[in-house]
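Raw upload18.pdb, PDB, C-alpha atoms:
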ATOM      1  CA  MET A   1      -1.548  19.138   4.335
ATOM      2  CA  VAL A   2      -0.280  20.761   7.525
ATOM      3  CA  GLY A   3       0.708  18.639  10.504
ATOM      4  CA  ASN A   4      -2.059  16.214  11.383
ATOM      5  CA  ARG A   5      -4.854  18.200   9.819
ATOM      6  CA  MET A   6      -7.103  16.474   7.342
ATOM      7  CA  VAL A   7      -7.592  17.585   3.782
ATOM      8  CA  ALA A   8     -10.175  16.484   1.269
ATOM      9  CA  THR A   9      -8.677  14.497  -1.582
ATOM     10  CA  THR A  10     -11.761  13.793  -3.611
ATOM     11  CA  ALA A  11     -13.928  15.959  -5.791
ATOM     12  CA  HIS A  12     -16.919  13.609  -5.597
ATOM     13  CA  GLY A  13     -18.700  15.635  -2.925
ATOM     14  CA  PRO A  14     -18.466  17.439   0.394
ATOM     15  CA  ALA A  15     -19.527  14.585   2.703
ATOM     16  CA  PRO A  16     -16.742  11.995   3.210
ATOM     17  CA  GLU A  17     -17.570   8.528   4.506
ATOM     18  CA  LEU A  18     -14.032   7.440   5.328
ATOM     19  CA  TYR A  19     -10.640   8.606   6.546
ATOM     20  CA  LEU A  20      -7.588   7.256   4.699
ATOM     21  CA  ALA A  21      -4.558   6.939   6.991
ATOM     22  CA  SER A  22      -2.033   7.007   4.165
ATOM     23  CA  ALA A  23      -0.175   9.585   2.115
ATOM     24  CA  SER A  24       0.385   7.143  -0.757
ATOM     25  CA  PRO A  25      -0.839   8.594  -4.067
ATOM     26  CA  ARG A  26      -1.283   5.062  -5.367
ATOM     27  CA  ARG A  27      -3.663   4.150  -2.557
ATOM     28  CA  ARG A  28      -5.613   7.340  -3.136
ATOM     29  CA  GLU A  29      -5.979   6.455  -6.816
ATOM     30  CA  LEU A  30      -7.069   2.904  -6.037
ATOM     31  CA  LEU A  31      -9.578   4.049  -3.429
ATOM     32  CA  GLY A  32     -10.899   6.458  -6.044
ATOM     33  CA  GLN A  33     -11.686   3.467  -8.259
ATOM     34  CA  LEU A  34     -14.203   2.389  -5.623
ATOM     35  CA  GLY A  35     -15.886   5.795  -5.799
ATOM     36  CA  VAL A  36     -15.497   6.272  -2.031
ATOM     37  CA  LEU A  37     -15.789   9.746  -0.504
ATOM     38  CA  TYR A  38     -12.793  10.162   1.807
ATOM     39  CA  ARG A  39     -10.339  12.483   3.507
ATOM     40  CA  VAL A  40      -6.629  11.868   4.061
ATOM     41  CA  LEU A  41      -5.076  11.733   7.513
ATOM     42  CA  SER A  42      -1.377  12.376   7.962
ATOM     43  CA  ILE A  43       0.073   9.783  10.334
ATOM     44  CA  ASN A  44       3.503   9.033  11.679
ATOM     45  CA  ILE A  45       4.197   5.555  13.055
ATOM     46  CA  ASP A  46       7.299   3.440  13.511
ATOM     47  CA  GLU A  47       7.441   1.057  10.548
ATOM     48  CA  ALA A  48      10.646  -0.717  11.603
ATOM     49  CA  VAL A  49      10.674  -4.464  10.965
ATOM     50  CA  ASP A  50      10.757  -6.717  14.015
ATOM     51  CA  GLY A  51      13.214  -9.464  13.151
ATOM     52  CA  ALA A  52      11.146 -12.034  15.041
ATOM     53  CA  GLU A  53       7.967 -11.588  12.976
ATOM     54  CA  THR A  54       7.011 -12.941   9.585
ATOM     55  CA  ALA A  55       6.381 -10.667   6.612
ATOM     56  CA  ALA A  56       2.658 -11.426   6.852
ATOM     57  CA  ALA A  57       2.571 -10.510  10.537
ATOM     58  CA  TYR A  58       4.555  -7.359   9.810
ATOM     59  CA  VAL A  59       2.195  -5.907   7.187
ATOM     60  CA  VAL A  60      -0.859  -6.737   9.300
ATOM     61  CA  ARG A  61       0.706  -5.037  12.330
ATOM     62  CA  ILE A  62       1.574  -1.892  10.361
ATOM     63  CA  ALA A  63      -1.835  -1.665   8.661
ATOM     64  CA  ARG A  64      -3.584  -1.981  12.029
ATOM     65  CA  ALA A  65      -1.241   0.567  13.612
ATOM     66  CA  LYS A  66      -2.003   3.053  10.836
ATOM     67  CA  ALA A  67      -5.747   2.602  11.259
ATOM     68  CA  LEU A  68      -5.480   3.016  15.045
ATOM     69  CA  SER A  69      -3.257   6.087  14.757
ATOM     70  CA  GLY A  70      -5.701   7.594  12.280
ATOM     71  CA  TRP A  71      -8.659   6.915  14.535
ATOM     72  CA  GLU A  72      -6.931   8.510  17.514
ATOM     73  CA  GLN A  73      -6.501  11.781  15.630
ATOM     74  CA  SER A  74      -9.691  11.747  13.574
ATOM     75  CA  GLU A  75     -12.831  13.792  14.155
ATOM     76  CA  HIS A  76     -14.596  11.274  16.377
ATOM     77  CA  ALA A  77     -17.742  13.356  16.279
ATOM     78  CA  LEU A  78     -18.162  12.296  12.669
ATOM     79  CA  ALA A  79     -17.767   8.621  13.642
ATOM     80  CA  LEU A  80     -16.188   7.805  10.288
ATOM     81  CA  PRO A  81     -14.154   4.609   9.914
ATOM     82  CA  VAL A  82     -10.421   4.865   9.260
ATOM     83  CA  LEU A  83      -8.567   2.734   6.708
ATOM     84  CA  GLY A  84      -4.901   1.823   7.087
ATOM     85  CA  ALA A  85      -2.909  -0.332   4.683
ATOM     86  CA  ASP A  86       0.583  -1.671   4.177
ATOM     87  CA  THR A  87       2.367  -3.603   1.426
ATOM     88  CA  ALA A  88       5.630  -5.539   1.523
ATOM     89  CA  VAL A  89       7.699  -7.151  -1.213
ATOM     90  CA  VAL A  90       9.289 -10.342   0.062
ATOM     91  CA  ILE A  91      11.798 -12.729  -1.465
ATOM     92  CA  GLY A  92      12.698 -15.722   0.614
ATOM     93  CA  ASP A  93      12.446 -14.412   4.170
ATOM     94  CA  GLU A  94      13.694 -10.927   3.294
ATOM     95  CA  ILE A  95      11.394  -7.906   3.244
ATOM     96  CA  LEU A  96      12.506  -5.453   0.560
ATOM     97  CA  GLY A  97      11.694  -1.889   1.535
ATOM     98  CA  LYS A  98      12.159   1.303  -0.439
ATOM     99  CA  PRO A  99      15.718   1.610  -1.794
ATOM    100  CA  GLU A 100      17.815   4.380  -0.294
ATOM    101  CA  GLY A 101      19.808   4.880  -3.469
ATOM    102  CA  GLN A 102      20.753   3.452  -6.848
ATOM    103  CA  GLN A 103      23.054   0.760  -5.527
ATOM    104  CA  GLU A 104      20.426  -0.663  -3.194
ATOM    105  CA  ALA A 105      17.773  -0.503  -5.917
ATOM    106  CA  LEU A 106      19.985  -2.427  -8.335
ATOM    107  CA  GLN A 107      20.685  -5.025  -5.647
ATOM    108  CA  MET A 108      16.957  -5.472  -5.097
ATOM    109  CA  LEU A 109      16.231  -5.841  -8.791
ATOM    110  CA  LYS A 110      19.057  -8.370  -9.111
ATOM    111  CA  LYS A 111      17.449 -10.462  -6.368
ATOM    112  CA  LEU A 112      14.059 -10.287  -8.088
ATOM    113  CA  SER A 113      15.468 -11.007 -11.553
ATOM    114  CA  GLY A 114      14.374 -14.364 -12.969
ATOM    115  CA  SER A 115      12.659 -15.415  -9.745
ATOM    116  CA  ILE A 116       9.320 -15.471  -7.962
ATOM    117  CA  HIS A 117       8.631 -13.185  -5.021
ATOM    118  CA  GLN A 118       5.669 -12.553  -2.758
ATOM    119  CA  VAL A 119       3.766  -9.326  -2.203
ATOM    120  CA  TYR A 120       1.783  -9.089   1.026
ATOM    121  CA  SER A 121      -0.917  -6.422   1.309
ATOM    122  CA  ALA A 122      -2.834  -5.857   4.521
ATOM    123  CA  VAL A 123      -5.854  -3.586   4.997
ATOM    124  CA  ALA A 124      -7.346  -2.612   8.353
ATOM    125  CA  VAL A 125     -10.490  -0.584   8.999
ATOM    126  CA  ARG A 126     -11.305   0.800  12.456
ATOM    127  CA  ARG A 127     -14.153   2.722  14.014
ATOM    128  CA  GLY A 128     -13.924   3.049  17.772
ATOM    129  CA  GLN A 129     -13.203  -0.384  19.253
ATOM    130  CA  LEU A 130     -14.464  -2.164  16.146
ATOM    131  CA  GLU A 131     -11.739  -3.304  13.786
ATOM    132  CA  GLU A 132     -11.575  -5.649  10.831
ATOM    133  CA  TYR A 133      -8.595  -6.476   8.674
ATOM    134  CA  CYS A 134      -7.500  -8.749   5.864
ATOM    135  CA  LEU A 135      -4.279 -10.017   4.335
ATOM    136  CA  VAL A 136      -3.729 -10.721   0.643
ATOM    137  CA  LYS A 137      -0.746 -12.621  -0.748
ATOM    138  CA  THR A 138       0.271 -12.378  -4.409
ATOM    139  CA  ARG A 139       2.997 -14.275  -6.248
ATOM    140  CA  VAL A 140       4.905 -12.245  -8.836
ATOM    141  CA  GLY A 141       7.392 -13.718 -11.283
ATOM    142  CA  PHE A 142      10.069 -11.565 -12.918
ATOM    143  CA  ARG A 143      11.831 -12.353 -16.160
ATOM    144  CA  ALA A 144      15.614 -12.186 -16.183
ATOM    145  CA  LEU A 145      16.861  -8.589 -16.053
ATOM    146  CA  SER A 146      20.134  -7.256 -17.389
ATOM    147  CA  THR A 147      22.265  -4.850 -15.397
ATOM    148  CA  ARG A 148      21.873  -2.269 -18.133
ATOM    149  CA  GLU A 149      18.066  -2.229 -18.102
ATOM    150  CA  CYS A 150      18.047  -2.062 -14.309
ATOM    151  CA  GLU A 151      20.277   1.008 -14.512
ATOM    152  CA  VAL A 152      18.048   2.583 -17.156
ATOM    153  CA  TYR A 153      14.993   1.782 -15.042
ATOM    154  CA  TRP A 154      16.551   3.567 -12.068
ATOM    155  CA  GLN A 155      17.007   6.661 -14.218
ATOM    156  CA  THR A 156      13.236   6.823 -14.807
ATOM    157  CA  GLY A 157      12.871   7.730 -11.133
ATOM    158  CA  GLU A 158      10.190   5.122 -10.590
ATOM    159  CA  PRO A 159      12.049   2.810  -8.158
ATOM    160  CA  ARG A 160      12.884   5.553  -5.661
ATOM    161  CA  ASP A 161       9.706   5.395  -3.564
ATOM    162  CA  LYS A 162       8.596   1.840  -4.288
ATOM    163  CA  ALA A 163       8.883  -1.178  -2.014
ATOM    164  CA  GLY A 164      11.113  -3.703  -3.720
ATOM    165  CA  GLY A 165      12.434  -1.017  -6.045
ATOM    166  CA  TYR A 166       9.767  -1.363  -8.736
ATOM    167  CA  GLY A 167       6.272  -0.205  -9.636
ATOM    168  CA  ILE A 168       4.049  -2.749 -11.362
ATOM    169  CA  GLN A 169       1.637   0.004 -12.415
ATOM    170  CA  GLY A 170       4.409   1.845 -14.288
ATOM    171  CA  PHE A 171       7.518   1.012 -16.287
ATOM    172  CA  GLY A 172       8.170  -1.939 -13.986
ATOM    173  CA  ALA A 173       5.273  -3.831 -15.580
ATOM    174  CA  ALA A 174       7.704  -4.802 -18.363
ATOM    175  CA  PHE A 175       9.569  -7.009 -15.849
ATOM    176  CA  VAL A 176       6.567  -9.103 -14.805
ATOM    177  CA  ALA A 177       6.340 -12.498 -16.495
ATOM    178  CA  HIS A 178       3.349 -13.720 -14.481
ATOM    179  CA  LEU A 179       1.206 -12.861 -11.492
ATOM    180  CA  GLU A 180      -1.012 -14.984  -9.253
ATOM    181  CA  GLY A 181      -3.274 -13.053  -6.931
ATOM    182  CA  SER A 182      -4.268  -9.401  -6.679
ATOM    183  CA  TYR A 183      -2.783  -6.893  -9.111
ATOM    184  CA  SER A 184      -4.211  -3.966  -7.128
ATOM    185  CA  GLY A 185      -2.755  -5.526  -3.986
ATOM    186  CA  VAL A 186       0.710  -5.319  -5.523
ATOM    187  CA  VAL A 187       0.077  -1.667  -6.359
ATOM    188  CA  GLY A 188      -0.870  -1.021  -2.742
ATOM    189  CA  LEU A 189      -4.555  -1.712  -2.014
ATOM    190  CA  PRO A 190      -6.382  -4.985  -2.874
ATOM    191  CA  LEU A 191      -9.689  -3.636  -4.149
ATOM    192  CA  LEU A 192     -11.846  -6.754  -3.856
ATOM    193  CA  GLU A 193     -11.035  -7.233  -0.199
ATOM    194  CA  THR A 194     -11.044  -3.509   0.569
ATOM    195  CA  ALA A 195     -14.537  -3.126  -0.887
ATOM    196  CA  GLY A 196     -15.774  -5.963   1.314
ATOM    197  CA  LEU A 197     -14.307  -4.407   4.460
ATOM    198  CA  LEU A 198     -15.724  -0.983   3.694
ATOM    199  CA  GLU A 199     -19.189  -2.310   2.974
ATOM    200  CA  SER A 200     -19.172  -4.093   6.347
ATOM    201  CA  PHE A 201     -18.673  -0.652   7.924
ATOM    202  CA  GLY A 202     -21.497   0.859   5.902
ATOM    203  CA  VAL A 203     -19.275   2.787   3.495
ATOM    204  CA  THR A 204     -20.929   3.278   0.128
ATOM    205  CA  ILE A 205     -19.054   1.944  -2.906
ATOM    206  CA  TRP A 206     -19.344   3.883  -6.163
ATOM    207  CA  ASN A 207     -21.074   6.797  -4.457
ATOM    208  CA  HIS A 208     -22.339   9.376  -6.951
TER
END
As a first step, turn the structure in this file into structure tokens.
Amino acid sequence: MVGNRMVATTAHGPAPELYLASASPRRRELLGQLGVLYRVLSINIDEAVDGAETAAAYVVRIARAKALSGWEQSEHALALPVLGADTAVVIGDEILGKPEGQQEALQMLKKLSGSIHQVYSAVAVRRGQLEEYCLVKTRVGFRALSTRECEVYWQTGEPRDKAGGYGIQGFGAAFVAHLEGSYSGVVGLPLLETAGLLESFGVTIWNH
């Protein structure tokens, strides 16, 4: 991908029905599970947390901003909807972003150890002035973690680009004692809700 140019990220066919305003490989994989024909848009928005807003309001704001930014740079002539999404790991009132290094990652995992945290996932779809969005909340419970296994987990490389310092779809699954809500939402894109939004915009699910 070069600059803001779009590139095809699916081998299903030459006619996309959707733009994905996200560079996340996990969201691309999840969207692929819906069989949607799409192209990726490279976007650049300010994702700083406003201290006055709740975690739920934050992820909704960022998802909507991504969808709007994508629409503003998309090929309007094609009139394809744009999907933006955001996910936040929250414990108490604290939003845990991506760790900047080992020390921060270990601090995050220590906070999550033996406790229940929330994962908020927001999805927004826009075409022109029409926009729809949803918010999904999932409760995730971690078993108690030792310092040693947190250090070993860091060495796998998995926590480096993950909100909250863990990936439930990878090695981090071994930490999860229980989950209430959307597994795919924790990964980065709640599929049930996403499918409903896309169908309301006329996007074909499981297109062959």
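Of the listed residues (A:Gln107, A:Thr54, A:Gln155, A:Thr87), A:Thr87 comes nearest to A:Cys134; the distances count only C-alpha atoms.
Proximity to A:Leu80 was assessed for A:Phe142, A:Leu18, A:Ile43, A:Thr204 counting all atoms listed in the file; the smallest distance is recorded for A:Leu18.
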Mind telling me what the PyMOL selection byres ((chain A and resi 59-76) around 10) catches here, as a PDB file with C-alpha atoms, in the coordinates of the input?
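Generated output (selection.pdb):
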ATOM      1  CA  ASN A   4      -2.059  16.214  11.383  1.00  0.00           C
ATOM      2  CA  ARG A   5      -4.854  18.200   9.819  1.00  0.00           C
ATOM      3  CA  MET A   6      -7.103  16.474   7.342  1.00  0.00           C
ATOM      4  CA  TYR A  19     -10.640   8.606   6.546  1.00  0.00           C
ATOM      5  CA  LEU A  20      -7.588   7.256   4.699  1.00  0.00           C
ATOM      6  CA  ALA A  21      -4.558   6.939   6.991  1.00  0.00           C
ATOM      7  CA  SER A  22      -2.033   7.007   4.165  1.00  0.00           C
ATOM      8  CA  VAL A  40      -6.629  11.868   4.061  1.00  0.00           C
ATOM      9  CA  LEU A  41      -5.076  11.733   7.513  1.00  0.00           C
ATOM     10  CA  SER A  42      -1.377  12.376   7.962  1.00  0.00           C
ATOM     11  CA  ILE A  43       0.073   9.783  10.334  1.00  0.00           C
ATOM     12  CA  ASN A  44       3.503   9.033  11.679  1.00  0.00           C
ATOM     13  CA  ILE A  45       4.197   5.555  13.055  1.00  0.00           C
ATOM     14  CA  ASP A  46       7.299   3.440  13.511  1.00  0.00           C
ATOM     15  CA  GLU A  47       7.441   1.057  10.548  1.00  0.00           C
ATOM     16  CA  ALA A  48      10.646  -0.717  11.603  1.00  0.00           C
ATOM     17  CA  VAL A  49      10.674  -4.464  10.965  1.00  0.00           C
ATOM     18  CA  GLU A  53       7.967 -11.588  12.976  1.00  0.00           C
ATOM     19  CA  THR A  54       7.011 -12.941   9.585  1.00  0.00           C
ATOM     20  CA  ALA A  55       6.381 -10.667   6.612  1.00  0.00           C
ATOM     21  CA  ALA A  56       2.658 -11.426   6.852  1.00  0.00           C
ATOM     22  CA  ALA A  57       2.571 -10.510  10.537  1.00  0.00           C
ATOM     23  CA  TYR A  58       4.555  -7.359   9.810  1.00  0.00           C
ATOM     24  CA  ALA A  77     -17.742  13.356  16.279  1.00  0.00           C
ATOM     25  CA  LEU A  78     -18.162  12.296  12.669  1.00  0.00           C
ATOM     26  CA  ALA A  79     -17.767   8.621  13.642  1.00  0.00           C
ATOM     27  CA  LEU A  80     -16.188   7.805  10.288  1.00  0.00           C
ATOM     28  CA  PRO A  81     -14.154   4.609   9.914  1.00  0.00           C
ATOM     29  CA  VAL A  82     -10.421   4.865   9.260  1.00  0.00           C
ATOM     30  CA  LEU A  83      -8.567   2.734   6.708  1.00  0.00           C
ATOM     31  CA  GLY A  84      -4.901   1.823   7.087  1.00  0.00           C
ATOM     32  CA  ALA A  85      -2.909  -0.332   4.683  1.00  0.00           C
ATOM     33  CA  ASP A  86       0.583  -1.671   4.177  1.00  0.00           C
ATOM     34  CA  THR A  87       2.367  -3.603   1.426  1.00  0.00           C
ATOM     35  CA  ALA A  88       5.630  -5.539   1.523  1.00  0.00           C
ATOM     36  CA  TYR A 120       1.783  -9.089   1.026  1.00  0.00           C
ATOM     37  CA  SER A 121      -0.917  -6.422   1.309  1.00  0.00           C
ATOM     38  CA  ALA A 122      -2.834  -5.857   4.521  1.00  0.00           C
ATOM     39  CA  VAL A 123      -5.854  -3.586   4.997  1.00  0.00           C
ATOM     40  CA  ALA A 124      -7.346  -2.612   8.353  1.00  0.00           C
ATOM     41  CA  VAL A 125     -10.490  -0.584   8.999  1.00  0.00           C
ATOM     42  CA  ARG A 126     -11.305   0.800  12.456  1.00  0.00           C
ATOM     43  CA  ARG A 127     -14.153   2.722  14.014  1.00  0.00           C
ATOM     44  CA  GLY A 128     -13.924   3.049  17.772  1.00  0.00           C
ATOM     45  CA  GLN A 129     -13.203  -0.384  19.253  1.00  0.00           C
ATOM     46  CA  GLU A 131     -11.739  -3.304  13.786  1.00  0.00           C
ATOM     47  CA  GLU A 132     -11.575  -5.649  10.831  1.00  0.00           C
ATOM     48  CA  TYR A 133      -8.595  -6.476   8.674  1.00  0.00           C
ATOM     49  CA  CYS A 134      -7.500  -8.749   5.864  1.00  0.00           C
ATOM     50  CA  LEU A 135      -4.279 -10.017   4.335  1.00  0.00           C
ATOM     51  CA  VAL A 136      -3.729 -10.721   0.643  1.00  0.00           C
TER      52      VAL A 136
END
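Here atom CA of A:Glu199 and atom CA of A:Ala23 stand 22.4 Å from one another.
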Long-range neighbours of A:Phe175 as JSON, numbers by chain, 8 Å cut-off, all atoms listed in the file, 3 positions minimum in chain: {"A": [142, 143, 144, 145, 172]}
Quick one: which stretch 47-142 of chain A residues come within 7 Å of stretch 177-184 of chain A, and what is the nearest atom pair for each with the distance in Å to one decimal, counting only C-alpha atoms, rows ordered by chain and ascending number, as a tab-separated table?
residue	atom	partner	partner_atom	distance
A:Lys137	CA	A:Gly181	CA	6.7
A:Thr138	CA	A:Gly181	CA	4.4
A:Arg139	CA	A:Glu180	CA	5.1
A:Val140	CA	A:Leu179	CA	4.6
A:Gly141	CA	A:His178	CA	5.2
A:Phe142	CA	A:Ala177	CA	5.3
Separation of atom CA of A:Thr156 from atom CA of A:Leu34 in Å: 29.3 Å
Atom-to-atom span, atom CA of A:Tyr153 and atom CA of A:Leu30, Å: 23.9 Å
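Every protein, DNA or RNA residue with an atom at most 8 Å from A:Ile168, where only C-alpha atoms count and chain neighbours fewer than 4 positions away do not, is listed here: Gly172, Ala173, Val176, Val186 and Val187 of chain A.
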Centre and edge lengths, as AutoDock Vina command-line options, for the axis-aligned box enclosing every listed atom of stretch 15-23 of chain A with 6 Å of padding on each of the six sides, in Å to one decimal?
--center_x -9.9 --center_y 10.8 --center_z 4.6 --size_x 31.4 --size_y 19.6 --size_z 16.9
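Excluding A:Lys98 itself and any same-chain residue fewer than 5 positions from it, the protein and nucleic acid residues within 7 Å of it, counting only C-alpha atoms, are Arg160, Asp161, Lys162, Ala163, Gly164 and Gly165 of chain A.
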What would stretch 58-68 of chain A look like with all heavy atoms in place, written as a PDB file, in the coordinates of the input?
ATOM      1  N   TYR A  58       4.067  -8.738   9.868  1.00  0.00           N
ATOM      2  CA  TYR A  58       4.555  -7.359   9.810  1.00  0.00           C
ATOM      3  C   TYR A  58       3.551  -6.438   9.115  1.00  0.00           C
ATOM      4  O   TYR A  58       3.190  -5.383   9.650  1.00  0.00           O
ATOM      5  CB  TYR A  58       5.894  -7.305   9.085  1.00  0.00           C
ATOM      6  CG  TYR A  58       6.343  -5.909   8.737  1.00  0.00           C
ATOM      7  CD1 TYR A  58       6.805  -5.034   9.716  1.00  0.00           C
ATOM      8  CD2 TYR A  58       6.280  -5.447   7.417  1.00  0.00           C
ATOM      9  CE1 TYR A  58       7.200  -3.742   9.405  1.00  0.00           C
ATOM     10  CE2 TYR A  58       6.673  -4.156   7.094  1.00  0.00           C
ATOM     11  CZ  TYR A  58       7.131  -3.312   8.088  1.00  0.00           C
ATOM     12  OH  TYR A  58       7.508  -2.031   7.771  1.00  0.00           O
ATOM     13  N   VAL A  59       3.099  -6.811   7.925  1.00  0.00           N
ATOM     14  CA  VAL A  59       2.195  -5.907   7.187  1.00  0.00           C
ATOM     15  C   VAL A  59       0.856  -5.765   7.894  1.00  0.00           C
ATOM     16  O   VAL A  59       0.265  -4.684   7.892  1.00  0.00           O
ATOM     17  CB  VAL A  59       2.000  -6.340   5.715  1.00  0.00           C
ATOM     18  CG1 VAL A  59       3.291  -6.229   4.932  1.00  0.00           C
ATOM     19  CG2 VAL A  59       1.440  -7.745   5.609  1.00  0.00           C
ATOM     20  N   VAL A  60       0.392  -6.835   8.537  1.00  0.00           N
ATOM     21  CA  VAL A  60      -0.859  -6.737   9.300  1.00  0.00           C
ATOM     22  C   VAL A  60      -0.677  -5.783  10.478  1.00  0.00           C
ATOM     23  O   VAL A  60      -1.529  -4.928  10.745  1.00  0.00           O
ATOM     24  CB  VAL A  60      -1.311  -8.129   9.783  1.00  0.00           C
ATOM     25  CG1 VAL A  60      -2.435  -7.995  10.820  1.00  0.00           C
ATOM     26  CG2 VAL A  60      -1.790  -8.977   8.610  1.00  0.00           C
ATOM     27  N   ARG A  61       0.437  -5.922  11.184  1.00  0.00           N
ATOM     28  CA  ARG A  61       0.706  -5.037  12.330  1.00  0.00           C
ATOM     29  C   ARG A  61       0.759  -3.572  11.907  1.00  0.00           C
ATOM     30  O   ARG A  61       0.169  -2.699  12.576  1.00  0.00           O
ATOM     31  CB  ARG A  61       2.022  -5.438  12.994  1.00  0.00           C
ATOM     32  CG  ARG A  61       2.430  -4.504  14.134  1.00  0.00           C
ATOM     33  CD  ARG A  61       3.633  -5.034  14.893  1.00  0.00           C
ATOM     34  NE  ARG A  61       4.838  -5.101  14.075  1.00  0.00           N
ATOM     35  CZ  ARG A  61       5.670  -4.076  13.861  1.00  0.00           C
ATOM     36  NH1 ARG A  61       5.386  -2.876  14.381  1.00  0.00           N
ATOM     37  NH2 ARG A  61       6.770  -4.229  13.140  1.00  0.00           N
ATOM     38  N   ILE A  62       1.441  -3.284  10.808  1.00  0.00           N
ATOM     39  CA  ILE A  62       1.574  -1.892  10.361  1.00  0.00           C
ATOM     40  C   ILE A  62       0.241  -1.335   9.877  1.00  0.00           C
ATOM     41  O   ILE A  62      -0.111  -0.190  10.181  1.00  0.00           O
ATOM     42  CB  ILE A  62       2.644  -1.779   9.263  1.00  0.00           C
ATOM     43  CG1 ILE A  62       4.017  -2.186   9.806  1.00  0.00           C
ATOM     44  CG2 ILE A  62       2.703  -0.355   8.726  1.00  0.00           C
ATOM     45  CD1 ILE A  62       4.494  -1.374  10.990  1.00  0.00           C
ATOM     46  N   ALA A  63      -0.524  -2.133   9.130  1.00  0.00           N
ATOM     47  CA  ALA A  63      -1.835  -1.665   8.661  1.00  0.00           C
ATOM     48  C   ALA A  63      -2.743  -1.344   9.845  1.00  0.00           C
ATOM     49  O   ALA A  63      -3.429  -0.317   9.859  1.00  0.00           O
ATOM     50  CB  ALA A  63      -2.476  -2.713   7.757  1.00  0.00           C
ATOM     51  N   ARG A  64      -2.747  -2.211  10.849  1.00  0.00           N
ATOM     52  CA  ARG A  64      -3.584  -1.981  12.029  1.00  0.00           C
ATOM     53  C   ARG A  64      -3.103  -0.760  12.811  1.00  0.00           C
ATOM     54  O   ARG A  64      -3.925   0.018  13.323  1.00  0.00           O
ATOM     55  CB  ARG A  64      -3.571  -3.220  12.920  1.00  0.00           C
ATOM     56  CG  ARG A  64      -4.213  -4.441  12.277  1.00  0.00           C
ATOM     57  CD  ARG A  64      -4.156  -5.643  13.196  1.00  0.00           C
ATOM     58  NE  ARG A  64      -5.008  -5.447  14.368  1.00  0.00           N
ATOM     59  CZ  ARG A  64      -5.015  -6.270  15.420  1.00  0.00           C
ATOM     60  NH1 ARG A  64      -4.216  -7.334  15.440  1.00  0.00           N
ATOM     61  NH2 ARG A  64      -5.816  -6.030  16.436  1.00  0.00           N
ATOM     62  N   ALA A  65      -1.789  -0.590  12.896  1.00  0.00           N
ATOM     63  CA  ALA A  65      -1.241   0.567  13.612  1.00  0.00           C
ATOM     64  C   ALA A  65      -1.615   1.870  12.912  1.00  0.00           C
ATOM     65  O   ALA A  65      -1.914   2.885  13.571  1.00  0.00           O
ATOM     66  CB  ALA A  65       0.274   0.448  13.721  1.00  0.00           C
ATOM     67  N   LYS A  66      -1.610   1.861  11.590  1.00  0.00           N
ATOM     68  CA  LYS A  66      -2.003   3.053  10.836  1.00  0.00           C
ATOM     69  C   LYS A  66      -3.475   3.390  11.080  1.00  0.00           C
ATOM     70  O   LYS A  66      -3.839   4.556  11.284  1.00  0.00           O
ATOM     71  CB  LYS A  66      -1.746   2.841   9.344  1.00  0.00           C
ATOM     72  CG  LYS A  66      -0.277   2.821   8.952  1.00  0.00           C
ATOM     73  CD  LYS A  66      -0.132   2.557   7.466  1.00  0.00           C
ATOM     74  CE  LYS A  66       1.335   2.545   7.044  1.00  0.00           C
ATOM     75  NZ  LYS A  66       1.490   2.236   5.590  1.00  0.00           N
ATOM     76  N   ALA A  67      -4.321   2.362  11.046  1.00  0.00           N
ATOM     77  CA  ALA A  67      -5.747   2.602  11.259  1.00  0.00           C
ATOM     78  C   ALA A  67      -6.001   3.128  12.668  1.00  0.00           C
ATOM     79  O   ALA A  67      -6.803   4.044  12.869  1.00  0.00           O
ATOM     80  CB  ALA A  67      -6.538   1.314  11.019  1.00  0.00           C
ATOM     81  N   LEU A  68      -5.311   2.565  13.662  1.00  0.00           N
ATOM     82  CA  LEU A  68      -5.480   3.016  15.045  1.00  0.00           C
ATOM     83  C   LEU A  68      -4.975   4.441  15.220  1.00  0.00           C
ATOM     84  O   LEU A  68      -5.648   5.276  15.846  1.00  0.00           O
ATOM     85  CB  LEU A  68      -4.726   2.084  15.992  1.00  0.00           C
ATOM     86  CG  LEU A  68      -4.742   2.488  17.475  1.00  0.00           C
ATOM     87  CD1 LEU A  68      -6.164   2.572  18.007  1.00  0.00           C
ATOM     88  CD2 LEU A  68      -3.909   1.516  18.299  1.00  0.00           C
TER      89      LEU A  68
END
